[in-house]
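Below you'll find the structure, written out as structure tokens, and then a few comments.
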Amino acid sequence: MNGVIYVYVLIFQCLFVLGDYPFRNTSLPWDVRVEDLVGRLTLDEMQEQMARGGHGNFGGPAPPIPRLGIGPYSWNTECLRGDVGAGNATSFPQALGLAAAFSKDLMYRVAEATSVEVRGKYNDYISKKEYGDHKGISCFSPFMNIMRDPRWGRNQEVYGEDPYMTGVLAAMSVKGLQGNDSRFIRTNSGCKVFAAYAGPDSIPVSRHNFSAVVSVRDFRTTFLPAFRACVKAGTYNIMCGYNSFNGTPSCANRWLLTDVLRNELNFTGYVISDQGAIERIMTTHHYLDNGVDIAAASVNAGVNLELAENLRQPFFTLITEAVKQGKLTEDLIRERVKPLFYTRMRLGEFDPPESNPYTELNTSTIESESHKALAVEAAMKTYVLLKNVNSFLPLTKKYNSIGVVGPIANDKVNIFGDYSPDSDPRFTMTALDGIKQLSSNVQYGAGCSNTSCTNYNSSAVHDAVSGKDLVFVCLGTGQEIESEARDRPNIELPAGQAELLQDSLKFSGNTPVVLLMFNAGPLNITMADASPQVAAILECFFPAQATGEALRRVLTMDGPGSVPAARLPYTWPKSLDGFPAMTNYSMAGRTYRYYEDDPLYPFGYGLSYTEFSYSRLQYANVIKAGEDVEVSILLQNTGKYEGDEVVQVYISWGSPSVPIPRRQLVAFERVTIAANAFQVVNVTVSAESMAVWVDNSGWVIEPGYMQMFAGGQQPGQQKSAASQVLEGRFKVEGSKYLGVY
């Protein structure tokens, strides 16, 4: 018998000695079992379960309840794209890069692989009776806020600027994490951060005392839709955030956590605070001035679990006192505890271990061959080809000499991005490692010791690029420039990096230069985009452990999946002249949905080594309000190579009665097509996507004409790929009220 299962069996048999409680009776419905378990808890026991959501030796785990044979439980685990903070794990590309792949399948498989490793480690931890932060199977992911400002430090953790795409990808992450067993979940997902948390983190003010002032329209049409998709996908956990929402701290905001989340979106899981968010209701927001009132306000608002800053006495340890003072009721506390134990039941804690297929997972899953291969595939699928003069890429010949410059070219830290797993260094390849395989003569000069590049060394760049046949310039940001609690004041390259790029062009003569970018939010590279000497630009984001191998394959078109097809998941402006302040939460002038200027690179943009042609856009010309539209597109690969294409479908409204976006992405598919082959791509434009928000009413599908656009990019862009965008329109007859959500 598997060793972990044997331990489980012993534990389970010992527990039955304590009494055949109904909550262990697997023939009973889940709700009956939960009701029985929670009904046996004292108020003090419930308080401790709610107060120990994790962080540090004091914040968690949730303590055992020996009299019922219930063990400790660790709630604090990060699973965004690998198991974070728990030792060696496969590190997949950062979330924003995964979004650039525009692939639902890839998002699902990365989440699935992450979950398998998390569960395998968990089984090992509990066999050793080890509990604590990052040792559980309850995830704080996906991170699904909207990339509304290019300066926000946490842009790398989200899925881009579009609410529809964010919701689709988040739903795939939820399903991949939780698994497809009919009875048990492998790990439970947790969608964060609810709901309008998208900067600032540090500039010009701290998130810990900032209040996002959000209009009803922007909240309903931009910030809320992705969370609704996450709830519909079955997430067990929602995290409330640091900032205030329209004047009330998010974790004490009853309108957000109960009226909207539970009553409108029908969320039945548990709400956990962001780390330290409960205490900051007092210490930074100054919303309330004592712990009892803070505990009462948070629990009454809808919070189930506190994630504290390693406090000996988290604020939720005052729940009992709040009940004594009449500020909370014991019945409400019992209701708040039920989702915690329901989650633990569905994870298999109170069922015989041999009935749960996920108890068989072990640490052999970590950095398995299949997971390492997936990391390479994922990285290749995230690289966006922004420029490719005269099809300079792929490289089709060996170069006698190559120069490589830039501080991130051989950086084994910043290529991972924030919230990355601690991958085994043996499995990490930097950009330089990959480029070295292209020539026997590769000379490297960092030019700077770090990405801040305050100590720029011009001579090192000169020596590396002079007299070479090909030059790679590797620029970017990394955690020291953009990350959690670290916003950027602008989108300019660090001064030293900008000088490095200029010198690379100057010192290399007429040698072609390939610019490799490792960043999340956009940077000002207008000079490189315009320079004829810069033959190609590849946006790599933070590809993690497979950076170098994926880069080598894409540069040389080596093997399946090596033809670039990724698209930008955000709008890349030329500059921030006239751009709204980060503290301004109006969506006017932000994202492709409302941005009026011509960007350097638009949302949905990306080039390929092959070419595609779109034809025969078919759909119903007239529908009744509330009906979906089934769309068929004939796509041909007219180029020389097999490759992926990202099919994008947008709509715009003809004569709406309310303010609406300029256009809206409503469907996307990533498909693989052989050279010279045809493929019919079928997508559905949902009725919901046609609705508009009417204040004081809700979502309504209005009568009239709607424009539809289908292609590999947005319509009407100054910067565009060679393929055409098909256009048509259909008529919606009648109207239909969809409700408030």
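Residues are named by chain letter and number: chains run A, B, ... in the order of the structure tokens, numbers start at 1 in each chain, and ligands are numbered from 1 in the order shown.
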
Residue neighbourhood range 489-497 of chain A, 7 Å, only C-alpha atoms, exclusion window fewer than 6 positions, as a list of chain:residue names: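 Skipping anything fewer than 6 positions along the chain leaves A:Arg151, A:Ile203, A:Ser452, A:Cys453, A:Thr454, A:Tyr456, A:Leu475, A:Pro522, A:Leu523, A:Asn524.
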
Put those residues in a file: N, CA, C and O atoms, as a tab-separated table (two decimals), in the first residue's frame.
chain	number	residue	atom	x	y	z
A	151	ARG	N	1.38	51.13	-15.08
A	151	ARG	CA	2.39	51.38	-14.05
A	151	ARG	C	2.21	50.51	-12.81
A	151	ARG	O	3.10	50.48	-11.95
A	203	ILE	N	2.74	53.88	-5.53
A	203	ILE	CA	2.90	55.20	-6.14
A	203	ILE	C	1.57	55.63	-6.75
A	203	ILE	O	1.00	54.88	-7.55
A	452	SER	N	17.88	47.84	-12.60
A	452	SER	CA	17.80	49.28	-12.35
A	452	SER	C	18.87	50.02	-13.14
A	452	SER	O	18.71	51.20	-13.49
A	453	CYS	N	19.99	49.35	-13.38
A	453	CYS	CA	21.03	49.82	-14.30
A	453	CYS	C	21.57	51.20	-13.93
A	453	CYS	O	21.75	52.07	-14.79
A	454	THR	N	21.81	51.40	-12.67
A	454	THR	CA	22.36	52.68	-12.21
A	454	THR	C	23.88	52.74	-12.39
A	454	THR	O	24.47	53.80	-12.21
A	456	TYR	N	25.73	51.79	-15.28
A	456	TYR	CA	25.90	51.36	-16.67
A	456	TYR	C	27.38	51.38	-17.10
A	456	TYR	O	28.10	52.34	-16.86
A	475	LEU	N	16.52	43.39	-22.38
A	475	LEU	CA	16.13	44.45	-21.45
A	475	LEU	C	14.87	44.06	-20.70
A	475	LEU	O	14.17	43.12	-21.08
A	522	PRO	N	4.06	47.70	-20.03
A	522	PRO	CA	4.79	48.18	-21.20
A	522	PRO	C	5.91	49.14	-20.84
A	522	PRO	O	5.88	49.82	-19.81
A	523	LEU	N	6.92	49.18	-21.71
A	523	LEU	CA	8.05	50.08	-21.59
A	523	LEU	C	8.18	50.90	-22.87
A	523	LEU	O	7.73	50.47	-23.95
A	524	ASN	N	8.78	52.04	-22.77
A	524	ASN	CA	8.93	52.91	-23.94
A	524	ASN	C	10.06	52.39	-24.83
A	524	ASN	O	11.24	52.64	-24.57

Can you pull out every residue from range 102-211 of chain A that DSSP, working from the backbone, puts in alpha helix (DSSP H), and format the result as a ChimeraX atom specification? /A:104-127,163-178

Write out as a PyMOL selection string each polymer residue whose atoms come within 9 Å of range 170-172 of chain A, counting only C-alpha atoms; drop sequence neighbours fewer than 5 positions from it. chain A and resi 104-109+111+141-144+159+165+177+191+226-227+229-235

If you keep C-alpha atoms, can you produce a file of those selected residues as a PDB file, in the first residue's frame?
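again.pdb, freshly written:
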ATOM      1  CA  LYS A 104      -7.740  28.069 -22.615  1.00  0.00           C
ATOM      2  CA  ASP A 105      -6.210  24.627 -22.944  1.00  0.00           C
ATOM      3  CA  LEU A 106      -2.752  25.804 -21.856  1.00  0.00           C
ATOM      4  CA  MET A 107      -4.167  27.664 -18.860  1.00  0.00           C
ATOM      5  CA  TYR A 108      -6.021  24.537 -17.761  1.00  0.00           C
ATOM      6  CA  ARG A 109      -2.988  22.260 -18.116  1.00  0.00           C
ATOM      7  CA  ALA A 111      -3.184  24.889 -13.385  1.00  0.00           C
ATOM      8  CA  SER A 141      -5.164  31.866  -7.057  1.00  0.00           C
ATOM      9  CA  PRO A 142      -6.052  32.820  -9.724  1.00  0.00           C
ATOM     10  CA  PHE A 143      -5.301  36.536  -9.426  1.00  0.00           C
ATOM     11  CA  MET A 144      -7.874  38.110 -11.696  1.00  0.00           C
ATOM     12  CA  TYR A 159      -4.547  38.034 -17.100  1.00  0.00           C
ATOM     13  CA  MET A 165     -10.786  37.117 -21.378  1.00  0.00           C
ATOM     14  CA  LEU A 177      -6.675  23.417  -9.949  1.00  0.00           C
ATOM     15  CA  CYS A 191     -10.017  34.033  -6.792  1.00  0.00           C
ATOM     16  CA  ALA A 226     -14.338  38.167 -14.233  1.00  0.00           C
ATOM     17  CA  PHE A 227     -15.225  37.387 -10.608  1.00  0.00           C
ATOM     18  CA  ALA A 229     -17.013  33.901 -14.184  1.00  0.00           C
ATOM     19  CA  CYS A 230     -14.796  32.599 -11.393  1.00  0.00           C
ATOM     20  CA  VAL A 231     -17.773  31.965  -9.109  1.00  0.00           C
ATOM     21  CA  LYS A 232     -19.648  30.211 -11.929  1.00  0.00           C
ATOM     22  CA  ALA A 233     -16.589  28.000 -12.482  1.00  0.00           C
ATOM     23  CA  GLY A 234     -16.930  26.762  -8.897  1.00  0.00           C
ATOM     24  CA  THR A 235     -14.232  28.504  -6.874  1.00  0.00           C
TER      25      THR A 235
END

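Going from CA of Phe427 in chain A over to CA of Glu367 in chain A, you cover 8.5 Å.
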
What does the structure give for the distance between CA of Ile137 in chain A and CA of Arg24 in chain A, in Å to one decimal? 20.3 Å

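Picture a line from CA of Tyr614 in chain A to CA of Ala566 in chain A; it runs 17.9 Å.
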